[in-house]
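Notes for the one structure printed next.
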2 protein chains.
Amino acid sequence: MPIAERMAGIMSRPSAIRDAFEDGLKLKALYGPENVYDFSIGDPDVPPPPRVKEVLAGLLDDPSVNHAYMPNAGHHYVRENVAAYLSGIMGAHLTAEQIIMTVGAAGGLNCVFKALLDPADEVLVPAPYFVGYNGYVANHGARLVPVRTGPGFQPDVAALTAALTPATKVLLINSPNNPTGAVYTEQTIRALAEMLEQHYRDSGRRVYLVSDEPYRSIIYDGLAAPSVMKAYPHSVVVTSYSKELSLPGERIGFAAVHPEAEDSVRLARAVAVANRVLGFVNAPSLAQHLVGRLQGLTVDIGIYRRRRDMICEGLSRIGYRFTRPKGAFYLFPEAPGGDEARFIGLLKEERILAVPGSGFGCPGYFRLSYAVPDTTIENSLPGFARAFEKA
Amino acid sequence: MPIAERMAGIMSRPSAIRDAFEDGLKLKALYGPENVYDFSIGDPDVPPPPRVKEVLAGLLDDPSVNHAYMPNAGHHYVRENVAAYLSGIMGAHLTAEQIIMTVGAAGGLNCVFKALLDPADEVLVPAPYFVGYNGYVANHGARLVPVRTGPGFQPDVAALTAALTPATKVLLINSPNNPTGAVYTEQTIRALAEMLEQHYRDSGRRVYLVSDEPYRSIIYDGLAAPSVMKAYPHSVVVTSYSKELSLPGERIGFAAVHPEAEDSVRLARAVAVANRVLGFVNAPSLAQHLVGRLQGLTVDIGIYRRRRDMICEGLSRIGYRFTRPKGAFYLFPEAPGGDEARFIGLLKEERILAVPGSGFGCPGYFRLSYAVPDTTIENSLPGFARAFEKA
């Protein structure tokens, strides 16, 4: 077998999102794309703010902007700008030294895991969770340990406490959450911090809290995502501008190491070294210059909120049961009838594409991405009603 | 120890290039940057061709260009353009299916290694070799096996043959070479191909030839780098636009899988899956659109050739011994007196920065990058002469 056995294993595992994507291609070819209601992909369809194009145009005329190498952590002034903005929203005093610009949040997580994880280390994650985490943890020989969440998809502190072992090195959280849209409350974050401090007092083992926050600004109902850095010093925030600025193809994000984390200086340096060793080298230069000038800017969140309201009201009226999402652009309803595979099939008969919850470590549910035009939501509701009746 | 033990090991190993970089900072602070002759870093100082800026400006006004996700392998039309151009210079019939756009050559090599290497597999590499390869191979649990080159830094086929084991999965070559500037001859490439075919006949084991070619177009004296794809079907070419277009900060390159390689279709798909799993997701979108429109364009190679001639004539007149480089922008002379550490110290007394050969698996030599202004070369020659006298 010429390709690596390990890679053959990765490729042979069923991928719920890929299956939905391929089903979508077939249905769109058969019925025309306007007659297929594709809720499968979390690809922002809200355009970037107009400032993005203006700033890019300005960069081309700026003689100080070139395309050369820079330190692995990124352009210093960009890291300063990120640190200043992040300090405000995190309530922590960050400087450029704690910021490493990365190839999106996916690249950032891999750099942080390379810096923290040895083979056989364990990473706890509340389930459901973003499916890519399996690979990101396995890349470094470590093991992802999913732990079911409680009501409203909030992390279950008792269940997580029971899952802590001497091999636990990281607690990985993601809020606003993909796939549930849950926003972890300040109370939850404080309880997680207290759990990890207690574990340290009991065992002498330091567990880092790695917080994956690409949806931080996509949040509704006047909420703000609480700061993990205020709650727990041994924390690393990883994020991207993929959703906040609708730039997912440009691969730009960062990792921020809490200045008071244990071994903070060395950890930040290790994340930058990982950027080089893993082959990222540095985050794309132009995209760094771009986001360095756009701190705090976001896409029009009102569009996503309107769609959240449309799909929640529509499905609720039919009888679907779900926790109303408070952030991100996903809805994670229970599969009517309980059998998610059967129900995904019923939706497909209506040319509605969704991803089964088992793809996120949570069978019995399905995920809808409402980063889709309003008309897709409106026109799909009769199909959702028919599928519900048949279940 | 909170950071990973494995990462602590990586960070504790001496890095010849990093040491030279830090020495440089100190010397520049002491004497002023204009009085330090820094030949340590391979960062192109020749500006990108003017077309780069024109095309970038055009992209901002092109309504078909956005910043959204695309398939992990990259934009299809970009891959088509790359395939068409590469088919011409490789003498192989490539299509978009065999091209995966990557985050530079470093990202590309990591994707190819993820696709090919299982733990304990071995990668043969002629030494001296680019120092980053150690990490890229170790990332996937495999082992880099350096094999000394012969005269003119051409791969030594007998030595490589003796180093083949049942664990050998990849032969990794790099021509034009960093750090030697050697261009592997057509005869060398043919001999390597024949060696691997013979190994297959003897053992039934297929060894892939992975050719890292970021300096392919930076080549002198009317030479052209021979095609590995013409010589050996089980080959993968990895490259970037970092040096050809002076865009190293933008992280854009590609991997190309020979259409007749064993398991070619699955291998190309595996490289794209690796792009996702390793956290690259895709090569930066804007940079893809840019290089897709600039196939075959290169920086002004005449500038590098002039510097090559200047430094070769200057050092030769003094009495330095070296193989005249035929490509890239590096010179790899013998350390006068034989003790490279001592000689690097003598150069530093003259405020000349070079990297010891041991950093490239080849003690007794040192590397000079002549991607520096002409004046740096001119003004450094008296210092090179004094250091030579003292050695």
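Note on naming: chains are A, B, ... as they come in the structure tokens, residues start from 1 per chain, ligands start from 1 in the order shown.
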
>> Considering only strand (DSSP E or B) as DSSP defines it on the backbone, what residues of range 14-179 of chain A qualify? List them as a PyMOL selection string.
In response: chain A and resi 37-38+99-102+122-127+143-148+168-174

>> Set the cut-off to 6 Å and count only C-alpha atoms: what are the residues of chain B that reach chain A? Output as an NGL selection string.
In response: :B and (3-4 or 7 or 67-69 or 106-107 or 115-118 or 135 or 247-251 or 277 or 279-280 or 284-285)

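Residue nearest Pro128 in chain B within the list B:Cys312, B:Cys362, B:Val236, B:Ala20: B:Cys362 [criterion: smallest interatomic distance, only C-alpha atoms].
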
> Within 7 Å of range 366-368 of chain B, counting only C-alpha atoms, which residues qualify if same-chain residues fewer than 2 places away don't, as a PyMOL selection string?
Replying inline: chain B and resi 39-40+179+330-335+340+354-357+370

>> I need the residues of range 10-235 of chain A that end up classed as alpha helix (DSSP H) by DSSP on the backbone, written out as a PyMOL selection string.
In response: chain A and resi 10-12+16-31+50-60+76-90+104-116+133-138+157-163+186-203+228-231

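All residues of protein, DNA or RNA that reach within 10 Å of Pro373 in chain B, judged by only C-alpha atoms and not counting those fewer than 3 positions away in the chain, are Tyr37, Asp45, Val46, Ile303, Tyr304, Arg307, Tyr370, Thr376, Ile377 and Glu378 of chain B.
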
Can I get the selection written as a short mmCIF file (atom, residue, chain, number, x, y, z; two decimals), in the first residue's frame, with all heavy atoms?
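Final file, part_12.cif:
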```cif
data_model
loop_
_atom_site.label_atom_id
_atom_site.label_comp_id
_atom_site.auth_asym_id
_atom_site.auth_seq_id
_atom_site.Cartn_x
_atom_site.Cartn_y
_atom_site.Cartn_z
N TYR B 37 28.20 42.44 7.59
CA TYR B 37 28.03 41.75 6.30
C TYR B 37 27.30 40.45 6.58
O TYR B 37 27.91 39.45 6.97
CB TYR B 37 29.40 41.55 5.65
CG TYR B 37 30.19 42.84 5.68
CD1 TYR B 37 31.29 43.00 6.51
CD2 TYR B 37 29.78 43.94 4.91
CE1 TYR B 37 31.97 44.21 6.57
CE2 TYR B 37 30.45 45.16 4.97
CZ TYR B 37 31.54 45.29 5.81
OH TYR B 37 32.20 46.49 5.88
N ASP B 45 16.26 39.31 -1.61
CA ASP B 45 16.18 40.78 -1.51
C ASP B 45 15.91 41.40 -2.88
O ASP B 45 15.74 42.61 -2.97
CB ASP B 45 17.45 41.36 -0.90
CG ASP B 45 18.60 41.39 -1.89
OD1 ASP B 45 18.81 40.37 -2.57
OD2 ASP B 45 19.27 42.43 -1.98
N VAL B 46 15.85 40.58 -3.92
CA VAL B 46 15.47 41.08 -5.25
C VAL B 46 13.95 41.31 -5.21
O VAL B 46 13.22 40.42 -4.78
CB VAL B 46 15.86 40.07 -6.34
CG1 VAL B 46 15.31 40.47 -7.69
CG2 VAL B 46 17.38 39.91 -6.39
N ILE B 303 20.42 39.54 -11.57
CA ILE B 303 20.96 40.14 -10.34
C ILE B 303 21.67 39.08 -9.50
O ILE B 303 22.79 39.29 -9.03
CB ILE B 303 19.81 40.79 -9.52
CG1 ILE B 303 19.13 41.89 -10.35
CG2 ILE B 303 20.34 41.35 -8.20
CD1 ILE B 303 17.89 42.50 -9.69
N TYR B 304 21.03 37.92 -9.34
CA TYR B 304 21.67 36.86 -8.56
C TYR B 304 22.93 36.35 -9.26
O TYR B 304 23.92 36.03 -8.62
CB TYR B 304 20.69 35.70 -8.32
CG TYR B 304 19.57 36.03 -7.35
CD1 TYR B 304 18.24 35.81 -7.69
CD2 TYR B 304 19.85 36.54 -6.09
CE1 TYR B 304 17.21 36.09 -6.80
CE2 TYR B 304 18.82 36.83 -5.19
CZ TYR B 304 17.50 36.60 -5.56
OH TYR B 304 16.49 36.88 -4.67
N ARG B 307 25.83 38.65 -8.63
CA ARG B 307 26.37 38.49 -7.28
C ARG B 307 27.14 37.19 -7.13
O ARG B 307 28.15 37.14 -6.44
CB ARG B 307 25.22 38.54 -6.27
CG ARG B 307 24.59 39.91 -6.24
CD ARG B 307 23.37 39.89 -5.37
NE ARG B 307 22.72 41.19 -5.37
CZ ARG B 307 21.50 41.40 -4.90
NH1 ARG B 307 20.80 40.39 -4.42
NH2 ARG B 307 20.97 42.60 -4.93
N TYR B 370 24.07 34.76 -0.90
CA TYR B 370 24.39 36.01 -1.60
C TYR B 370 23.14 36.73 -2.11
O TYR B 370 23.21 37.52 -3.05
CB TYR B 370 25.45 35.82 -2.69
CG TYR B 370 25.21 34.74 -3.71
CD1 TYR B 370 24.46 35.00 -4.85
CD2 TYR B 370 25.76 33.48 -3.56
CE1 TYR B 370 24.25 34.02 -5.80
CE2 TYR B 370 25.55 32.49 -4.50
CZ TYR B 370 24.80 32.77 -5.62
OH TYR B 370 24.59 31.79 -6.56
N THR B 376 27.37 44.79 -0.10
CA THR B 376 27.72 43.90 1.01
C THR B 376 28.84 42.96 0.59
O THR B 376 29.78 42.71 1.35
CB THR B 376 26.48 43.10 1.46
OG1 THR B 376 25.45 44.01 1.84
CG2 THR B 376 26.79 42.18 2.62
N ILE B 377 28.73 42.45 -0.64
CA ILE B 377 29.78 41.55 -1.14
C ILE B 377 31.10 42.32 -1.27
O ILE B 377 32.12 41.91 -0.71
CB ILE B 377 29.35 40.93 -2.49
CG1 ILE B 377 28.07 40.10 -2.30
CG2 ILE B 377 30.48 40.09 -3.07
CD1 ILE B 377 27.48 39.56 -3.58
N GLU B 378 31.05 43.43 -1.99
CA GLU B 378 32.28 44.23 -2.23
C GLU B 378 32.98 44.59 -0.93
O GLU B 378 34.17 44.37 -0.76
CB GLU B 378 31.91 45.54 -2.94
CG GLU B 378 31.74 45.41 -4.44
CD GLU B 378 31.00 46.63 -5.02
OE1 GLU B 378 30.87 47.65 -4.29
OE2 GLU B 378 30.57 46.55 -6.17
#
```
